[in-house]
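Notes for the one structure printed next.
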Amino acid sequence: MKHIVALLLPLFLTAWTARAQAPLAIEGLPLDAPFKVHATADRARLVVDLVFDAGWHAYARDVGGGSPISIKATGKTPANWIGELRMPASDNGELTGYVRLIQRLQLQDKANHLEAALDIMVCDALQCLPPMTLRMTGDIAPLSVLLVVDVDDDHARRVRDFIAAEGFEVDMTTYPSATTEACDAHDIVVCDSKTFGSVKMDGVRGFPKTRSPIVAVGFLGTELLEGQGIAMTSGYI
Amino acid sequence: MDHQAHGLDLSHPVYTHPRRAQFQLHETESPPHYAGHTSPLYPNGAGETYRLTKFENEKPSTPNPTLVSHEGFFTDIPGFENLAEGHSAKALGSLSLARQGRWFYWGYSIDPERMTQPAKDTFVNVLYWMNLQRDSETVTYVTDTRKNFEVFTWLGRDRDEPYLRGVQEHLPGSLVPELREVYVPSFEGADAFVAKYLPYLFAGKPGMPTDKKYGPLFAADADAMALKTPNNDRASLERWVALADGDACEDREHALRCLERYVHAEIAPKSGTWTEWYAKQKARICFIDSTGFWWQVDPTVRTREARAARAR
């Protein structure tokens, strides 16, 4: 019954609950700081976007002029930090303009909260400001997946249960029933397919446009890419 | 395409995080028809052997078409990720895992009864990888790329009974009538055509003819040919810019027409000189065939700009 309800939801709901990942709260950034910060996280990565005002920079590594950027877990964050902080390559060690920092992590099984600290020192040609520690906090919900299938059958339910068992929140709908609103409300859209010759094509070519990332699977995936005009399939000969 | 893959870029995050996908790779003799060819994941060819692995436990009971991306079809799109090739009876270059902007193509079943464990791990990683791509710029398909014509020169050529429809029907069918007239419909004719015209082909511009079967038809750019400037080279763009701001002459007219033809209206200068325009746009632009043969904003640059705007 639960499966049927999930399948019919997009037919009857006019508004999906938006469940895309929310940005983390940032504390400790002075209003007049010469850079801006935006941070998000899921259960696999902490992503920090920095934008420095013209003339200002931070350091990717210790070049003798200032402390390099670092991120560490704080509080009782139940996460394993995996590998080193990833940041853009920089010949002179300075980070300017737009910079994306990525820290790979693994939240422990039932953890749903992340606390981290960004240590940063910013300088211009004449001076360096005192080192800052920015506190980043937020709840980390499982990623939400909208699974789109041709029909609600045993195959579709196996795929749905597999994705759910891997820690994602899964809703399921069919190609003809999918809406932009439903797609936009999920972190990821997975458009499934059985093999060529055993799928129903209804609704694939007219699939709604969405801002969400899409994983296009198999034969219907190629049809979807062509239908949406995505430059990945022009190679058919 | 079957249940297998090769050419995996195992250092990519879709194979490493948060799960480490542990594929069993089997060293296998490369099919004879792969010899002498390249692809996005084999820029130097596949070699005498290559390493096959399974994404599904068994071969599907029915054919399962996948993307074809012979060398160069999409590699001019900055940020395009070629992550695995499918096991194709046709040729090297059948992508089975690939990403362009917010779109990921997974060329295998995701039925857990069919998937191998490393395929399951990879799929989980793909979902997390794609969560990073919500604001990635995706470019739109307008036309086939010029690389189709290179493929026609070799596809089925070595068979006992060579595949002739490519050079006799599909290649000329993809050309505007005046170019069709100078083409000789044979493998040798295709060789000569590619050698002479490939750097100057274009299609998909507003007002250009299209065909019901072949879509936008290809023309050869007489202006670019006169200047000996391949239309997708940055050195050509820089020459056109220099000529456009130089003294009046025939070459300047050629250059101005090239700039008008290939610089997308979104970024074309509204005022000032072409030299000033290029100084501002130099680091932001790229040339892409499949969007309609344009110098346009690099989608990875546009992605960074959008992320920076959001952070501000």
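Following the order of the structure tokens, first chain is A, next is B, and so on, with residues numbered from 1 inside each chain and ligands from 1 in the order they appear.
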(request) Could you please write out, as a ChimeraX atom specification, every residue of range 99-192 of chain A that DSSP assigns to helix (DSSP H, G or I)? (result) /A:154-165,180-184
Take the residues from that selection and put them in a file with C-alpha atoms, as a tab-separated table (two decimals), in the first residue's frame.
```tsv
chain	number	residue	atom	x	y	z
A	154	ASP	CA	8.66	-5.64	-9.15
A	155	HIS	CA	11.71	-4.20	-10.91
A	156	ALA	CA	10.79	-0.65	-9.89
A	157	ARG	CA	10.20	-1.64	-6.29
A	158	ARG	CA	13.52	-3.51	-6.11
A	159	VAL	CA	15.36	-0.43	-7.36
A	160	ARG	CA	13.49	1.80	-4.92
A	161	ASP	CA	14.23	-0.50	-1.99
A	162	PHE	CA	17.91	-0.76	-2.99
A	163	ILE	CA	18.36	3.03	-3.05
A	164	ALA	CA	16.47	3.42	0.23
A	165	ALA	CA	18.58	0.73	1.88
A	180	THR	CA	9.02	19.90	-12.56
A	181	GLU	CA	7.88	20.65	-9.04
A	182	ALA	CA	8.45	17.08	-7.92
A	183	CYS	CA	11.88	16.90	-9.55
A	184	ASP	CA	13.00	20.26	-8.17
```
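By chain and then residue number, the residues within 10 Å of Ala89 in chain B are Met1, Asp2, Pro31, His33 and Tyr34 of chain B, counting only C-alpha atoms and disregarding those fewer than 6 positions away in sequence.
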(message) Can you tell me which residues surround His17 in chain B at a distance of at most 12 Å, considering only C-alpha atoms, apart from same-chain residues fewer than 6 positions away, and format the answer as JSON, numbers by chain?
(response) {"A": [43, 44, 45, 81, 82, 83, 103, 104, 105, 106], "B": [10, 11, 121, 122, 123, 124, 125, 126, 127, 128, 129]}
Which chain A residues have any atom within 6 Å of an atom of chain B, and for each, what is the nearest pair of atoms with distance in Å to one decimal, counting only C-alpha atoms, rows sorted by chain and number, as a tab-separated table?
```
residue	atom	partner	partner_atom	distance
A:Lys36	CA	B:Arg312	CA	5.7
A:Val37	CA	B:Ala311	CA	5.7
A:His38	CA	B:Ala311	CA	5.0
A:Ala44	CA	B:Pro18	CA	5.9
A:Val51	CA	B:Ala308	CA	5.9
A:Tyr98	CA	B:Ala308	CA	5.7
A:Val159	CA	B:Asp111	CA	5.3
A:Thr195	CA	B:Asn64	CA	5.7
A:Phe196	CA	B:Asn64	CA	5.2
A:Ser212	CA	B:Arg134	CA	5.6
A:Pro213	CA	B:Arg102	CA	4.5
A:Ile214	CA	B:Trp103	CA	5.1
A:Val215	CA	B:Phe104	CA	4.7
A:Ala216	CA	B:Tyr105	CA	4.9
A:Val217	CA	B:Trp106	CA	4.7
A:Gly218	CA	B:Gly107	CA	4.4
A:Gly229	CA	B:Tyr141	CA	5.0
A:Ile230	CA	B:Thr140	CA	5.0
A:Ala231	CA	B:Tyr141	CA	4.2
A:Thr233	CA	B:Leu67	CA	5.9
A:Ser234	CA	B:Asp144	CA	5.1
A:Gly235	CA	B:Val68	CA	5.0
A:Tyr236	CA	B:Val68	CA	5.7
```
Convert the current residue selection to file output with N, CA and C atoms, as an mmCIF file, in the first residue's frame.
```
data_model
loop_
_atom_site.group_PDB
_atom_site.id
_atom_site.type_symbol
_atom_site.label_atom_id
_atom_site.label_comp_id
_atom_site.auth_asym_id
_atom_site.auth_seq_id
_atom_site.Cartn_x
_atom_site.Cartn_y
_atom_site.Cartn_z
ATOM 1 N N LYS A 36 33.200 36.403 1.317
ATOM 2 C CA LYS A 36 31.906 35.819 1.669
ATOM 3 C C LYS A 36 32.051 34.294 1.700
ATOM 4 N N VAL A 37 31.146 33.667 2.443
ATOM 5 C CA VAL A 37 31.222 32.214 2.630
ATOM 6 C C VAL A 37 29.842 31.593 2.440
ATOM 7 N N HIS A 38 29.809 30.451 1.783
ATOM 8 C CA HIS A 38 28.574 29.664 1.665
ATOM 9 C C HIS A 38 28.989 28.206 1.835
ATOM 10 N N ALA A 44 28.550 12.785 2.643
ATOM 11 C CA ALA A 44 29.834 12.407 2.044
ATOM 12 C C ALA A 44 30.814 13.568 1.909
ATOM 13 N N VAL A 51 34.302 33.626 -1.635
ATOM 14 C CA VAL A 51 34.511 34.638 -2.667
ATOM 15 C C VAL A 51 35.256 35.805 -2.029
ATOM 16 N N TYR A 98 36.888 33.377 -6.670
ATOM 17 C CA TYR A 98 36.019 32.303 -6.188
ATOM 18 C C TYR A 98 36.838 31.057 -5.914
ATOM 19 N N VAL A 159 14.431 -1.560 -7.234
ATOM 20 C CA VAL A 159 15.356 -0.431 -7.362
ATOM 21 C C VAL A 159 15.105 0.571 -6.239
ATOM 22 N N THR A 195 15.836 -2.891 -19.983
ATOM 23 C CA THR A 195 16.610 -2.965 -21.221
ATOM 24 C C THR A 195 15.746 -2.602 -22.428
ATOM 25 N N PHE A 196 16.435 -2.259 -23.492
ATOM 26 C CA PHE A 196 15.807 -1.906 -24.757
ATOM 27 C C PHE A 196 14.808 -3.000 -25.159
ATOM 28 N N SER A 212 17.168 20.075 -10.825
ATOM 29 C CA SER A 212 17.871 19.036 -10.059
ATOM 30 C C SER A 212 18.791 18.211 -10.953
ATOM 31 N N PRO A 213 19.862 17.707 -10.364
ATOM 32 C CA PRO A 213 20.731 16.787 -11.123
ATOM 33 C C PRO A 213 19.973 15.511 -11.467
ATOM 34 N N ILE A 214 20.250 14.966 -12.635
ATOM 35 C CA ILE A 214 19.542 13.769 -13.099
ATOM 36 C C ILE A 214 20.541 12.666 -13.434
ATOM 37 N N VAL A 215 20.243 11.467 -12.953
ATOM 38 C CA VAL A 215 20.977 10.281 -13.388
ATOM 39 C C VAL A 215 20.066 9.555 -14.369
ATOM 40 N N ALA A 216 20.472 9.533 -15.625
ATOM 41 C CA ALA A 216 19.673 8.934 -16.691
ATOM 42 C C ALA A 216 20.199 7.527 -16.934
ATOM 43 N N VAL A 217 19.334 6.540 -16.774
ATOM 44 C CA VAL A 217 19.771 5.145 -16.787
ATOM 45 C C VAL A 217 19.381 4.461 -18.099
ATOM 46 N N GLY A 218 20.332 3.750 -18.658
ATOM 47 C CA GLY A 218 20.077 2.813 -19.738
ATOM 48 C C GLY A 218 19.398 3.391 -20.967
ATOM 49 N N GLY A 229 17.604 17.508 -25.110
ATOM 50 C CA GLY A 229 18.596 18.281 -25.853
ATOM 51 C C GLY A 229 19.889 18.467 -25.088
ATOM 52 N N ILE A 230 20.366 17.395 -24.461
ATOM 53 C CA ILE A 230 21.620 17.472 -23.713
ATOM 54 C C ILE A 230 22.751 16.992 -24.619
ATOM 55 N N ALA A 231 23.809 17.765 -24.689
ATOM 56 C CA ALA A 231 24.910 17.428 -25.601
ATOM 57 C C ALA A 231 25.721 16.259 -25.045
ATOM 58 N N THR A 233 24.578 12.953 -26.660
ATOM 59 C CA THR A 233 24.107 11.859 -27.495
ATOM 60 C C THR A 233 24.200 12.149 -28.984
ATOM 61 N N SER A 234 24.878 13.200 -29.345
ATOM 62 C CA SER A 234 24.905 13.546 -30.756
ATOM 63 C C SER A 234 25.783 12.589 -31.556
ATOM 64 N N GLY A 235 26.332 11.602 -30.883
ATOM 65 C CA GLY A 235 27.259 10.717 -31.566
ATOM 66 C C GLY A 235 26.643 9.525 -32.255
ATOM 67 N N TYR A 236 25.337 9.368 -32.189
ATOM 68 C CA TYR A 236 24.752 8.217 -32.885
ATOM 69 C C TYR A 236 25.074 8.257 -34.363
#
```
(request) Using CA of Ala222 in chain B and CA of Trp240 in chain B as the two end points, give the distance in Å to one decimal. (result)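 Atom-to-atom, CA of Ala222 in chain B and CA of Trp240 in chain B are spaced 14.0 Å apart.
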(request) Compare B:Asp223, B:Glu150, B:Glu238, B:Glu253 by their minimum atom-to-atom distance to Gln281 in chain B, counting only C-alpha atoms, and give me the closest one. (result)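 The closest residue to Gln281 in chain B is B:Glu238.
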(request) Name the residues of range 60-215 of chain A that fall into strand (DSSP E or B) according to DSSP on the backbone, using the chain letters and numbers of this document, as a PyMOL selection string. (result) chain A and resi 68+70-73+79-86+94-95+98-107+113-120+123+128+132-139+144-149+169-174+188-191+214-215
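When the distance limit is 9 Å and only C-alpha atoms are what count, the residues near Gly93 in chain A, minus those fewer than 3 positions from it on the same chain, are Ala58, Tyr59, Ala60, Arg61, Asp62, Val63, Pro68, Ala89 and Ser90 of chain A.
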Include N, CA and C atoms and write out the residues we just selected as a short mmCIF file (atom, residue, chain, number, x, y, z; two decimals), in the first residue's frame.
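The resulting file, selection.cif, is shown below:
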```
data_model
loop_
_atom_site.label_atom_id
_atom_site.label_comp_id
_atom_site.auth_asym_id
_atom_site.auth_seq_id
_atom_site.Cartn_x
_atom_site.Cartn_y
_atom_site.Cartn_z
N ALA A 58 43.60 34.39 0.41
CA ALA A 58 43.97 33.51 1.53
C ALA A 58 45.07 32.59 1.02
N TYR A 59 45.51 31.67 1.87
CA TYR A 59 46.63 30.82 1.47
C TYR A 59 46.21 29.35 1.38
N ALA A 60 46.63 28.72 0.30
CA ALA A 60 46.36 27.30 0.12
C ALA A 60 47.40 26.46 0.86
N ARG A 61 48.57 27.02 1.04
CA ARG A 61 49.63 26.29 1.74
C ARG A 61 50.52 27.31 2.45
N ASP A 62 51.38 26.83 3.30
CA ASP A 62 52.26 27.71 4.06
C ASP A 62 53.37 28.22 3.15
N VAL A 63 53.29 29.50 2.83
CA VAL A 63 54.32 30.10 1.97
C VAL A 63 55.13 31.13 2.76
N PRO A 68 47.77 28.73 6.20
CA PRO A 68 46.88 28.21 5.16
C PRO A 68 45.49 27.90 5.72
N ALA A 89 44.18 24.43 -7.40
CA ALA A 89 45.63 24.56 -7.52
C ALA A 89 46.01 26.03 -7.57
N SER A 90 47.13 26.35 -6.98
CA SER A 90 47.59 27.74 -6.98
C SER A 90 49.10 27.75 -7.06
#
```
